>>> print(open('structure_5.txt').read())   # compact mmCIF, N, CA and C atoms
# COMPACT_ATOMS: atom_id res chain seq x y z
N MET A 65 136.59 105.03 60.26
CA MET A 65 135.79 106.17 59.86
C MET A 65 134.71 106.48 60.90
N LYS A 66 134.06 105.42 61.41
CA LYS A 66 133.02 105.61 62.42
C LYS A 66 133.59 106.20 63.70
N LYS A 67 134.77 105.74 64.08
CA LYS A 67 135.40 106.22 65.30
C LYS A 67 135.69 107.72 65.22
N LYS A 68 136.12 108.19 64.04
CA LYS A 68 136.40 109.61 63.85
C LYS A 68 135.12 110.44 63.97
N ALA A 69 134.02 109.94 63.44
CA ALA A 69 132.73 110.64 63.53
C ALA A 69 132.29 110.75 64.98
N VAL A 70 132.48 109.69 65.76
CA VAL A 70 132.10 109.70 67.18
C VAL A 70 132.96 110.71 67.93
N LEU A 71 134.27 110.73 67.62
CA LEU A 71 135.16 111.69 68.28
C LEU A 71 134.78 113.12 67.93
N ASN A 72 134.46 113.38 66.66
CA ASN A 72 134.04 114.72 66.25
C ASN A 72 132.74 115.12 66.94
N ASN A 73 131.81 114.19 67.03
CA ASN A 73 130.53 114.45 67.69
C ASN A 73 130.74 114.73 69.18
N ASN A 74 131.63 113.98 69.81
CA ASN A 74 131.93 114.18 71.22
C ASN A 74 132.58 115.55 71.45
N ALA A 75 133.50 115.94 70.57
CA ALA A 75 134.15 117.25 70.68
C ALA A 75 133.12 118.36 70.50
N LEU A 76 132.21 118.19 69.54
CA LEU A 76 131.16 119.17 69.31
C LEU A 76 130.25 119.28 70.53
N CYS A 77 129.93 118.14 71.11
CA CYS A 77 129.08 118.11 72.31
C CYS A 77 129.79 118.83 73.47
N GLN A 78 131.06 118.58 73.66
CA GLN A 78 131.82 119.23 74.73
C GLN A 78 131.91 120.74 74.50
N THR A 79 132.11 121.16 73.26
CA THR A 79 132.15 122.58 72.93
C THR A 79 130.82 123.23 73.24
N ARG A 80 129.75 122.55 72.87
CA ARG A 80 128.40 123.06 73.11
C ARG A 80 128.11 123.18 74.61
N ILE A 81 128.45 122.16 75.37
CA ILE A 81 128.23 122.18 76.81
C ILE A 81 129.04 123.30 77.46
N SER A 82 130.27 123.46 77.02
CA SER A 82 131.12 124.53 77.55
C SER A 82 130.54 125.91 77.23
N ALA A 83 130.02 126.08 76.02
CA ALA A 83 129.42 127.36 75.63
C ALA A 83 128.16 127.65 76.45
N ILE A 84 127.35 126.63 76.69
CA ILE A 84 126.14 126.80 77.51
C ILE A 84 126.54 127.18 78.93
N LYS A 85 127.54 126.51 79.46
CA LYS A 85 128.01 126.81 80.82
C LYS A 85 128.49 128.26 80.92
N ASP A 86 129.29 128.68 79.94
CA ASP A 86 129.79 130.07 79.94
C ASP A 86 128.64 131.07 79.86
N THR A 87 127.68 130.80 78.99
CA THR A 87 126.53 131.69 78.81
C THR A 87 125.72 131.78 80.10
N MET A 88 125.46 130.66 80.72
CA MET A 88 124.67 130.65 81.95
C MET A 88 125.41 131.37 83.07
N GLU A 89 126.72 131.27 83.08
CA GLU A 89 127.50 131.98 84.10
C GLU A 89 127.35 133.49 83.93
N ILE A 90 127.35 133.96 82.69
CA ILE A 90 127.22 135.40 82.41
C ILE A 90 125.80 135.90 82.71
N LEU A 91 124.80 135.09 82.35
CA LEU A 91 123.41 135.55 82.42
C LEU A 91 122.63 135.03 83.61
N SER A 92 123.27 134.25 84.47
CA SER A 92 122.53 133.65 85.59
C SER A 92 122.15 134.69 86.62
N GLY A 93 121.21 134.32 87.42
CA GLY A 93 120.73 135.20 88.47
C GLY A 93 119.29 135.58 88.22
N LYS A 94 118.70 136.08 89.26
CA LYS A 94 117.28 136.42 89.24
C LYS A 94 116.99 137.65 88.39
N TRP A 95 117.97 138.56 88.21
CA TRP A 95 117.67 139.88 87.70
C TRP A 95 118.20 140.21 86.31
N LYS A 96 119.20 139.51 85.83
CA LYS A 96 119.87 139.92 84.60
C LYS A 96 118.94 139.98 83.40
N PHE A 97 118.11 138.96 83.21
CA PHE A 97 117.20 138.98 82.06
C PHE A 97 116.19 140.11 82.19
N HIS A 98 115.75 140.38 83.40
CA HIS A 98 114.80 141.47 83.61
C HIS A 98 115.45 142.82 83.28
N ILE A 99 116.67 143.01 83.72
CA ILE A 99 117.39 144.26 83.42
C ILE A 99 117.61 144.39 81.92
N LEU A 100 118.10 143.33 81.30
CA LEU A 100 118.35 143.38 79.86
C LEU A 100 117.07 143.62 79.08
N GLY A 101 116.00 142.92 79.45
CA GLY A 101 114.72 143.11 78.78
C GLY A 101 114.21 144.53 78.92
N THR A 102 114.38 145.11 80.09
CA THR A 102 113.96 146.49 80.33
C THR A 102 114.77 147.45 79.48
N LEU A 103 116.07 147.25 79.41
CA LEU A 103 116.92 148.12 78.59
C LEU A 103 116.64 147.94 77.10
N LEU A 104 116.29 146.74 76.69
CA LEU A 104 115.94 146.51 75.29
C LEU A 104 114.69 147.30 74.90
N MET A 105 113.76 147.44 75.84
CA MET A 105 112.52 148.15 75.57
C MET A 105 112.64 149.66 75.82
N GLY A 106 113.59 150.06 76.68
CA GLY A 106 113.61 151.44 77.14
C GLY A 106 114.73 152.31 76.63
N ASP A 107 115.53 151.84 75.70
CA ASP A 107 116.64 152.62 75.17
C ASP A 107 117.60 152.97 76.30
N LYS A 108 117.85 154.26 76.57
CA LYS A 108 118.75 154.68 77.65
C LYS A 108 117.91 154.94 78.90
N LEU A 109 118.36 154.36 80.00
CA LEU A 109 117.64 154.58 81.27
C LEU A 109 118.63 154.94 82.36
N ARG A 110 118.19 155.79 83.25
CA ARG A 110 118.98 156.15 84.43
C ARG A 110 118.80 155.07 85.48
N PHE A 111 119.72 155.09 86.46
CA PHE A 111 119.70 154.09 87.52
C PHE A 111 118.34 154.03 88.21
N MET A 112 117.82 155.19 88.60
CA MET A 112 116.54 155.22 89.32
C MET A 112 115.38 154.75 88.45
N ASP A 113 115.45 155.00 87.14
CA ASP A 113 114.43 154.50 86.22
C ASP A 113 114.45 152.97 86.22
N LEU A 114 115.66 152.41 86.15
CA LEU A 114 115.79 150.95 86.18
C LEU A 114 115.29 150.40 87.52
N LEU A 115 115.62 151.07 88.59
CA LEU A 115 115.18 150.63 89.92
C LEU A 115 113.66 150.56 90.00
N ARG A 116 112.98 151.53 89.40
CA ARG A 116 111.51 151.53 89.38
C ARG A 116 110.96 150.44 88.46
N GLU A 117 111.61 150.23 87.32
CA GLU A 117 111.12 149.29 86.32
C GLU A 117 111.33 147.83 86.72
N VAL A 118 112.45 147.54 87.36
CA VAL A 118 112.78 146.17 87.75
C VAL A 118 112.22 145.95 89.15
N GLU A 119 110.97 145.56 89.18
CA GLU A 119 110.22 145.46 90.43
C GLU A 119 110.85 144.44 91.39
N GLY A 120 111.12 144.92 92.61
CA GLY A 120 111.62 144.04 93.67
C GLY A 120 113.13 144.06 93.86
N ILE A 121 113.87 144.64 92.93
CA ILE A 121 115.34 144.66 93.07
C ILE A 121 115.74 145.81 93.99
N GLY A 122 116.78 145.57 94.76
CA GLY A 122 117.32 146.62 95.63
C GLY A 122 118.44 147.38 94.94
N THR A 123 118.83 148.50 95.53
CA THR A 123 119.85 149.34 94.91
C THR A 123 121.21 148.64 94.80
N LYS A 124 121.61 147.93 95.85
CA LYS A 124 122.91 147.23 95.82
C LYS A 124 122.92 146.14 94.77
N MET A 125 121.82 145.39 94.68
CA MET A 125 121.75 144.30 93.70
C MET A 125 121.73 144.85 92.28
N LEU A 126 120.97 145.92 92.05
CA LEU A 126 120.93 146.52 90.73
C LEU A 126 122.32 147.01 90.33
N SER A 127 123.00 147.66 91.25
CA SER A 127 124.35 148.16 90.99
C SER A 127 125.29 147.01 90.63
N LYS A 128 125.24 145.94 91.41
CA LYS A 128 126.09 144.77 91.16
C LYS A 128 125.80 144.15 89.79
N GLU A 129 124.51 143.96 89.50
CA GLU A 129 124.13 143.32 88.24
C GLU A 129 124.53 144.20 87.05
N LEU A 130 124.35 145.51 87.16
CA LEU A 130 124.76 146.42 86.09
C LEU A 130 126.28 146.37 85.88
N GLN A 131 127.04 146.28 86.96
CA GLN A 131 128.49 146.17 86.84
C GLN A 131 128.87 144.89 86.11
N ASP A 132 128.21 143.77 86.46
CA ASP A 132 128.48 142.49 85.79
C ASP A 132 128.15 142.58 84.30
N LEU A 133 126.99 143.15 83.99
CA LEU A 133 126.57 143.27 82.59
C LEU A 133 127.50 144.20 81.82
N GLU A 134 127.97 145.25 82.46
CA GLU A 134 128.92 146.17 81.81
C GLU A 134 130.25 145.46 81.58
N MET A 135 130.72 144.73 82.57
CA MET A 135 131.98 144.00 82.46
C MET A 135 131.94 142.99 81.31
N ASN A 136 130.76 142.43 81.06
CA ASN A 136 130.59 141.44 79.99
C ASN A 136 130.14 142.08 78.67
N HIS A 137 130.23 143.40 78.59
CA HIS A 137 129.96 144.16 77.37
C HIS A 137 128.53 144.00 76.85
N LEU A 138 127.59 143.83 77.76
CA LEU A 138 126.18 143.73 77.38
C LEU A 138 125.44 145.04 77.65
N VAL A 139 125.98 145.83 78.57
CA VAL A 139 125.40 147.12 78.94
C VAL A 139 126.51 148.17 78.93
N LYS A 140 126.16 149.35 78.45
CA LYS A 140 127.09 150.48 78.44
C LYS A 140 126.64 151.50 79.47
N ARG A 141 127.58 151.98 80.25
CA ARG A 141 127.33 152.99 81.29
C ARG A 141 127.94 154.30 80.82
N THR A 142 127.12 155.36 80.84
CA THR A 142 127.60 156.68 80.43
C THR A 142 127.36 157.67 81.56
N VAL A 143 128.43 158.33 81.98
CA VAL A 143 128.33 159.37 83.02
C VAL A 143 128.20 160.71 82.29
N LEU A 144 127.09 161.39 82.55
CA LEU A 144 126.83 162.68 81.91
C LEU A 144 127.38 163.82 82.77
N ASN A 145 127.86 164.84 82.12
CA ASN A 145 128.45 165.99 82.81
C ASN A 145 127.34 166.94 83.25
N THR A 146 126.60 166.53 84.26
CA THR A 146 125.50 167.34 84.79
C THR A 146 125.72 167.54 86.28
N LYS A 147 124.96 168.44 86.86
CA LYS A 147 124.99 168.64 88.31
C LYS A 147 123.60 168.40 88.85
N PRO A 148 123.37 167.43 89.69
CA PRO A 148 124.30 166.38 90.07
C PRO A 148 124.61 165.45 88.89
N VAL A 149 125.64 164.64 89.04
CA VAL A 149 126.07 163.73 87.99
C VAL A 149 124.93 162.76 87.67
N THR A 150 124.71 162.54 86.39
CA THR A 150 123.68 161.61 85.93
C THR A 150 124.37 160.45 85.22
N VAL A 151 123.90 159.25 85.49
CA VAL A 151 124.44 158.06 84.84
C VAL A 151 123.33 157.39 84.06
N GLU A 152 123.62 157.11 82.79
CA GLU A 152 122.65 156.41 81.94
C GLU A 152 123.20 155.04 81.56
N TYR A 153 122.27 154.10 81.41
CA TYR A 153 122.63 152.75 80.99
C TYR A 153 121.87 152.44 79.71
N GLU A 154 122.57 151.75 78.81
CA GLU A 154 121.92 151.31 77.58
C GLU A 154 122.49 149.96 77.17
N ILE A 155 121.72 149.24 76.42
CA ILE A 155 122.16 147.94 75.95
C ILE A 155 123.17 148.15 74.83
N THR A 156 124.22 147.33 74.81
CA THR A 156 125.22 147.44 73.75
C THR A 156 124.71 146.73 72.50
N GLU A 157 125.44 146.91 71.42
CA GLU A 157 125.08 146.22 70.18
C GLU A 157 125.09 144.71 70.40
N PHE A 158 126.10 144.22 71.12
CA PHE A 158 126.17 142.78 71.38
C PHE A 158 125.05 142.36 72.33
N GLY A 159 124.72 143.21 73.30
CA GLY A 159 123.62 142.91 74.20
C GLY A 159 122.29 142.80 73.46
N GLN A 160 122.15 143.58 72.40
CA GLN A 160 120.92 143.54 71.61
C GLN A 160 120.71 142.19 70.94
N THR A 161 121.78 141.45 70.74
CA THR A 161 121.64 140.12 70.13
C THR A 161 120.89 139.16 71.05
N LEU A 162 120.75 139.52 72.32
CA LEU A 162 119.98 138.69 73.26
C LEU A 162 118.48 138.91 73.12
N GLY A 163 118.06 139.92 72.36
CA GLY A 163 116.64 140.23 72.22
C GLY A 163 115.82 139.04 71.76
N ALA A 164 116.27 138.35 70.73
CA ALA A 164 115.54 137.19 70.20
C ALA A 164 115.49 136.06 71.23
N ILE A 165 116.56 135.89 71.97
CA ILE A 165 116.60 134.83 72.99
C ILE A 165 115.63 135.16 74.12
N ILE A 166 115.62 136.41 74.55
CA ILE A 166 114.70 136.83 75.62
C ILE A 166 113.25 136.67 75.15
N ASP A 167 112.98 137.02 73.90
CA ASP A 167 111.63 136.83 73.35
C ASP A 167 111.23 135.36 73.36
N GLU A 168 112.15 134.49 72.98
CA GLU A 168 111.86 133.05 72.96
C GLU A 168 111.64 132.50 74.37
N ILE A 169 112.43 132.98 75.33
CA ILE A 169 112.24 132.55 76.72
C ILE A 169 110.87 132.99 77.21
N ALA A 170 110.46 134.20 76.86
CA ALA A 170 109.14 134.70 77.26
C ALA A 170 108.03 133.84 76.63
N LYS A 171 108.17 133.54 75.35
CA LYS A 171 107.17 132.69 74.66
C LYS A 171 107.08 131.32 75.32
N TRP A 172 108.24 130.75 75.64
CA TRP A 172 108.27 129.45 76.29
C TRP A 172 107.57 129.52 77.65
N GLY A 173 107.86 130.57 78.41
CA GLY A 173 107.25 130.74 79.73
C GLY A 173 105.74 130.86 79.65
N ILE A 174 105.26 131.60 78.67
CA ILE A 174 103.80 131.75 78.48
C ILE A 174 103.18 130.40 78.13
N ALA A 175 103.79 129.69 77.20
CA ALA A 175 103.28 128.38 76.79
C ALA A 175 103.32 127.39 77.95
N TYR A 176 104.37 127.43 78.73
CA TYR A 176 104.51 126.53 79.88
C TYR A 176 103.42 126.80 80.92
N LYS A 177 103.22 128.07 81.26
CA LYS A 177 102.16 128.42 82.21
C LYS A 177 100.80 127.98 81.70
N HIS A 178 100.56 128.23 80.42
CA HIS A 178 99.28 127.85 79.81
C HIS A 178 99.07 126.33 79.91
N ALA A 179 100.11 125.57 79.61
CA ALA A 179 100.03 124.11 79.68
C ALA A 179 99.76 123.64 81.11
N LEU A 180 100.39 124.27 82.08
CA LEU A 180 100.18 123.89 83.48
C LEU A 180 98.75 124.19 83.93
N TYR A 181 98.23 125.36 83.54
CA TYR A 181 96.87 125.73 83.92
C TYR A 181 95.86 124.79 83.28
N GLN A 182 96.10 124.36 82.06
CA GLN A 182 95.19 123.44 81.39
C GLN A 182 95.16 122.07 82.11
N LYS A 183 96.33 121.62 82.59
CA LYS A 183 96.41 120.34 83.29
C LYS A 183 95.68 120.39 84.62
N SER A 184 95.70 121.55 85.28
CA SER A 184 95.10 121.65 86.61
C SER A 184 93.58 121.84 86.55
N GLU A 185 93.03 122.08 85.37
CA GLU A 185 91.56 122.27 85.25
C GLU A 185 90.84 120.97 85.17
>>> encode(input="structure_5.txt", output="structure tokens")
Amino acid sequence: MKKKAVLNNNALCQTRISAIKDTMEILSGKWKFHILGTLLMGDKLRFMDLLREVEGIGTKMLSKELQDLEMNHLVKRTVLNTKPVTVEYEITEFGQTLGAIIDEIAKWGIAYKHALYQKSE
């Protein structure tokens, strides 16, 4: 009986590690959380709006990151029938599920910085 519990626990651990690896692969990089957080706060945004909001990102990198996020169904790209053509980006319903995670990461970052500053005083 004990051996079966250990095997189940090991399988659960492997599943969890695999899920974390997959998630980090999708969300890794310097810019993805910033882009997602901006879209969560800004509803629909055009490319140039995102470029202004995501401080420090270049056009090629923003384009690449948006393509990755779109491919992973976290961001939706809509081409509007205007002259010149306008492209809007918005967070998908599934992308919105990251809102709580992004909030928790921000809270952790604030607490971490606060703890470091207190230690250095």
>>> closest_residue(input="structure_5.txt", among="A:Thr142, A:Asn73, A:Thr161, A:Asn136", to="Arg110 in chain A", atoms="only C-alpha atoms")
A:Thr142
>>> atom_distance(input="structure_5.txt", atom1="atom C of Leu130 in chain A", atom2="atom C of Ala170 in chain A")
24.0 Å
>>> atom_distance(input="structure_5.txt", atom1="CA of Met112 in chain A", atom2="CA of Glu129 in chain A")
14.2 Å
>>> closest_residue(input="structure_5.txt", among="A:Gly122, A:Gly101, A:Gly106, A:Pro148", to="Glu168 in chain A", atoms="only C-alpha atoms")
A:Gly101
>>> atom_distance(input="structure_5.txt", atom1="CA of Thr150 in chain A", atom2="atom N of Phe111 in chain A")
7.6 Å
>>> select_by_dssp(input="structure_5.txt", residues="chain A", states="alpha helix (DSSP H)", output="ChimeraX atom specification")
/A:66-91,96-106,111-117,123-135,157-160,163-184
>>> closest_residue(input="structure_5.txt", among="A:Ala83, A:Ile99, A:Asp132, A:Glu152", to="Glu117 in chain A", atoms="all atoms listed in the file")
A:Ile99
>>> closest_residue(input="structure_5.txt", among="A:Lys183, A:Leu114, A:Gln160, A:Met88", to="Thr102 in chain A", atoms="all atoms listed in the file")
A:Leu114
>>> closest_residue(input="structure_5.txt", among="A:Ser82, A:Phe97, A:His178, A:Val151", to="Ile165 in chain A", atoms="only C-alpha atoms")
A:Phe97
>>> residues_around(input="structure_5.txt", residues="Phe158 in chain A", least_positions_apart="3", cutoff="8 Å", atoms="all atoms listed in the file", output="PyMOL selection string")
chain A and resi 137-139+155+161-163
>>> axis_aligned_box(input="structure_5.txt", around="range 112-122 of chain A", padding_each_side="6 Å", output="AutoDock Vina command-line options")
--center_x 114.3 --center_y 149.6 --center_z 90.9 --size_x 20.2 --size_y 23.2 --size_z 21.5
>>> select_by_dssp(input="structure_5.txt", residues="range 131-183 of chain A", states="strand (DSSP E)", output="tab-separated table (two decimals) with N, CA and C atoms, keeping the file's coordinate frame")
chain	number	residue	atom	x	y	z
A	139	VAL	N	125.98	145.83	78.57
A	139	VAL	CA	125.40	147.12	78.94
A	139	VAL	C	126.51	148.17	78.93
A	140	LYS	N	126.16	149.35	78.45
A	140	LYS	CA	127.09	150.48	78.44
A	140	LYS	C	126.64	151.50	79.47
A	141	ARG	N	127.58	151.98	80.25
A	141	ARG	CA	127.33	152.99	81.29
A	141	ARG	C	127.94	154.30	80.82
A	142	THR	N	127.12	155.36	80.84
A	142	THR	CA	127.60	156.68	80.43
A	142	THR	C	127.36	157.67	81.56
A	143	VAL	N	128.43	158.33	81.98
A	143	VAL	CA	128.33	159.37	83.02
A	143	VAL	C	128.20	160.71	82.29
A	144	LEU	N	127.09	161.39	82.55
A	144	LEU	CA	126.83	162.68	81.91
A	144	LEU	C	127.38	163.82	82.77
A	150	THR	N	124.71	162.54	86.39
A	150	THR	CA	123.68	161.61	85.93
A	150	THR	C	124.37	160.45	85.22
A	151	VAL	N	123.90	159.25	85.49
A	151	VAL	CA	124.44	158.06	84.84
A	151	VAL	C	123.33	157.39	84.06
A	152	GLU	N	123.62	157.11	82.79
A	152	GLU	CA	122.65	156.41	81.94
A	152	GLU	C	123.20	155.04	81.56
A	153	TYR	N	122.27	154.10	81.41
A	153	TYR	CA	122.63	152.75	80.99
A	153	TYR	C	121.87	152.44	79.71
A	154	GLU	N	122.57	151.75	78.81
A	154	GLU	CA	121.92	151.31	77.58
A	154	GLU	C	122.49	149.96	77.17
A	155	ILE	N	121.72	149.24	76.42
A	155	ILE	CA	122.16	147.94	75.95
A	155	ILE	C	123.17	148.15	74.83
>>> decode(input="structure_5.txt", residues="range 70-122 of chain A", atoms="C-alpha atoms", output="PDB file, in the first residue's frame")
ATOM      1  CA  VAL A  70       4.826   6.738  -3.288  1.00  0.00           C
ATOM      2  CA  LEU A  71       4.306   5.882  -6.968  1.00  0.00           C
ATOM      3  CA  ASN A  72       1.168   8.053  -7.122  1.00  0.00           C
ATOM      4  CA  ASN A  73       3.003  10.912  -5.409  1.00  0.00           C
ATOM      5  CA  ASN A  74       5.924  10.566  -7.830  1.00  0.00           C
ATOM      6  CA  ALA A  75       3.567  10.594 -10.836  1.00  0.00           C
ATOM      7  CA  LEU A  76       1.815  13.673  -9.439  1.00  0.00           C
ATOM      8  CA  CYS A  77       5.182  15.366  -8.918  1.00  0.00           C
ATOM      9  CA  GLN A  78       6.256  14.559 -12.494  1.00  0.00           C
ATOM     10  CA  THR A  79       2.950  15.874 -13.873  1.00  0.00           C
ATOM     11  CA  ARG A  80       3.368  19.061 -11.864  1.00  0.00           C
ATOM     12  CA  ILE A  81       6.973  19.575 -12.988  1.00  0.00           C
ATOM     13  CA  SER A  82       5.970  18.974 -16.609  1.00  0.00           C
ATOM     14  CA  ALA A  83       3.107  21.496 -16.320  1.00  0.00           C
ATOM     15  CA  ILE A  84       5.434  24.109 -14.795  1.00  0.00           C
ATOM     16  CA  LYS A  85       7.963  23.522 -17.578  1.00  0.00           C
ATOM     17  CA  ASP A  86       5.280  23.910 -20.254  1.00  0.00           C
ATOM     18  CA  THR A  87       3.931  27.079 -18.626  1.00  0.00           C
ATOM     19  CA  MET A  88       7.368  28.651 -18.318  1.00  0.00           C
ATOM     20  CA  GLU A  89       8.098  27.829 -21.944  1.00  0.00           C
ATOM     21  CA  ILE A  90       4.939  29.679 -23.033  1.00  0.00           C
ATOM     22  CA  LEU A  91       5.383  32.664 -20.708  1.00  0.00           C
ATOM     23  CA  SER A  92       9.161  32.979 -20.513  1.00  0.00           C
ATOM     24  CA  GLY A  93      11.027  35.996 -21.681  1.00  0.00           C
ATOM     25  CA  LYS A  94      11.508  39.539 -20.595  1.00  0.00           C
ATOM     26  CA  TRP A  95       8.352  40.947 -22.201  1.00  0.00           C
ATOM     27  CA  LYS A  96       5.425  38.523 -22.149  1.00  0.00           C
ATOM     28  CA  PHE A  97       4.144  39.353 -18.664  1.00  0.00           C
ATOM     29  CA  HIS A  98       4.477  43.063 -19.385  1.00  0.00           C
ATOM     30  CA  ILE A  99       2.511  42.724 -22.634  1.00  0.00           C
ATOM     31  CA  LEU A 100      -0.163  40.574 -21.011  1.00  0.00           C
ATOM     32  CA  GLY A 101      -0.441  42.901 -18.022  1.00  0.00           C
ATOM     33  CA  THR A 102      -0.789  45.903 -20.328  1.00  0.00           C
ATOM     34  CA  LEU A 103      -3.507  44.202 -22.367  1.00  0.00           C
ATOM     35  CA  LEU A 104      -5.318  43.153 -19.189  1.00  0.00           C
ATOM     36  CA  MET A 105      -5.471  46.807 -18.141  1.00  0.00           C
ATOM     37  CA  GLY A 106      -6.012  48.349 -21.578  1.00  0.00           C
ATOM     38  CA  ASP A 107      -8.702  46.263 -23.283  1.00  0.00           C
ATOM     39  CA  LYS A 108      -7.970  46.519 -27.051  1.00  0.00           C
ATOM     40  CA  LEU A 109      -4.720  48.195 -28.019  1.00  0.00           C
ATOM     41  CA  ARG A 110      -3.057  48.913 -31.327  1.00  0.00           C
ATOM     42  CA  PHE A 111       0.525  47.894 -32.024  1.00  0.00           C
ATOM     43  CA  MET A 112       1.885  51.423 -31.556  1.00  0.00           C
ATOM     44  CA  ASP A 113      -0.065  51.816 -28.295  1.00  0.00           C
ATOM     45  CA  LEU A 114       1.569  48.648 -26.990  1.00  0.00           C
ATOM     46  CA  LEU A 115       4.963  49.841 -28.194  1.00  0.00           C
ATOM     47  CA  ARG A 116       4.540  53.039 -26.147  1.00  0.00           C
ATOM     48  CA  GLU A 117       3.183  51.233 -23.077  1.00  0.00           C
ATOM     49  CA  VAL A 118       5.793  48.449 -22.928  1.00  0.00           C
ATOM     50  CA  GLU A 119       8.769  50.630 -22.151  1.00  0.00           C
ATOM     51  CA  GLY A 120      12.039  49.522 -23.728  1.00  0.00           C
ATOM     52  CA  ILE A 121      10.706  46.922 -26.177  1.00  0.00           C
ATOM     53  CA  GLY A 122      11.571  47.232 -29.856  1.00  0.00           C
TER      54      GLY A 122
END
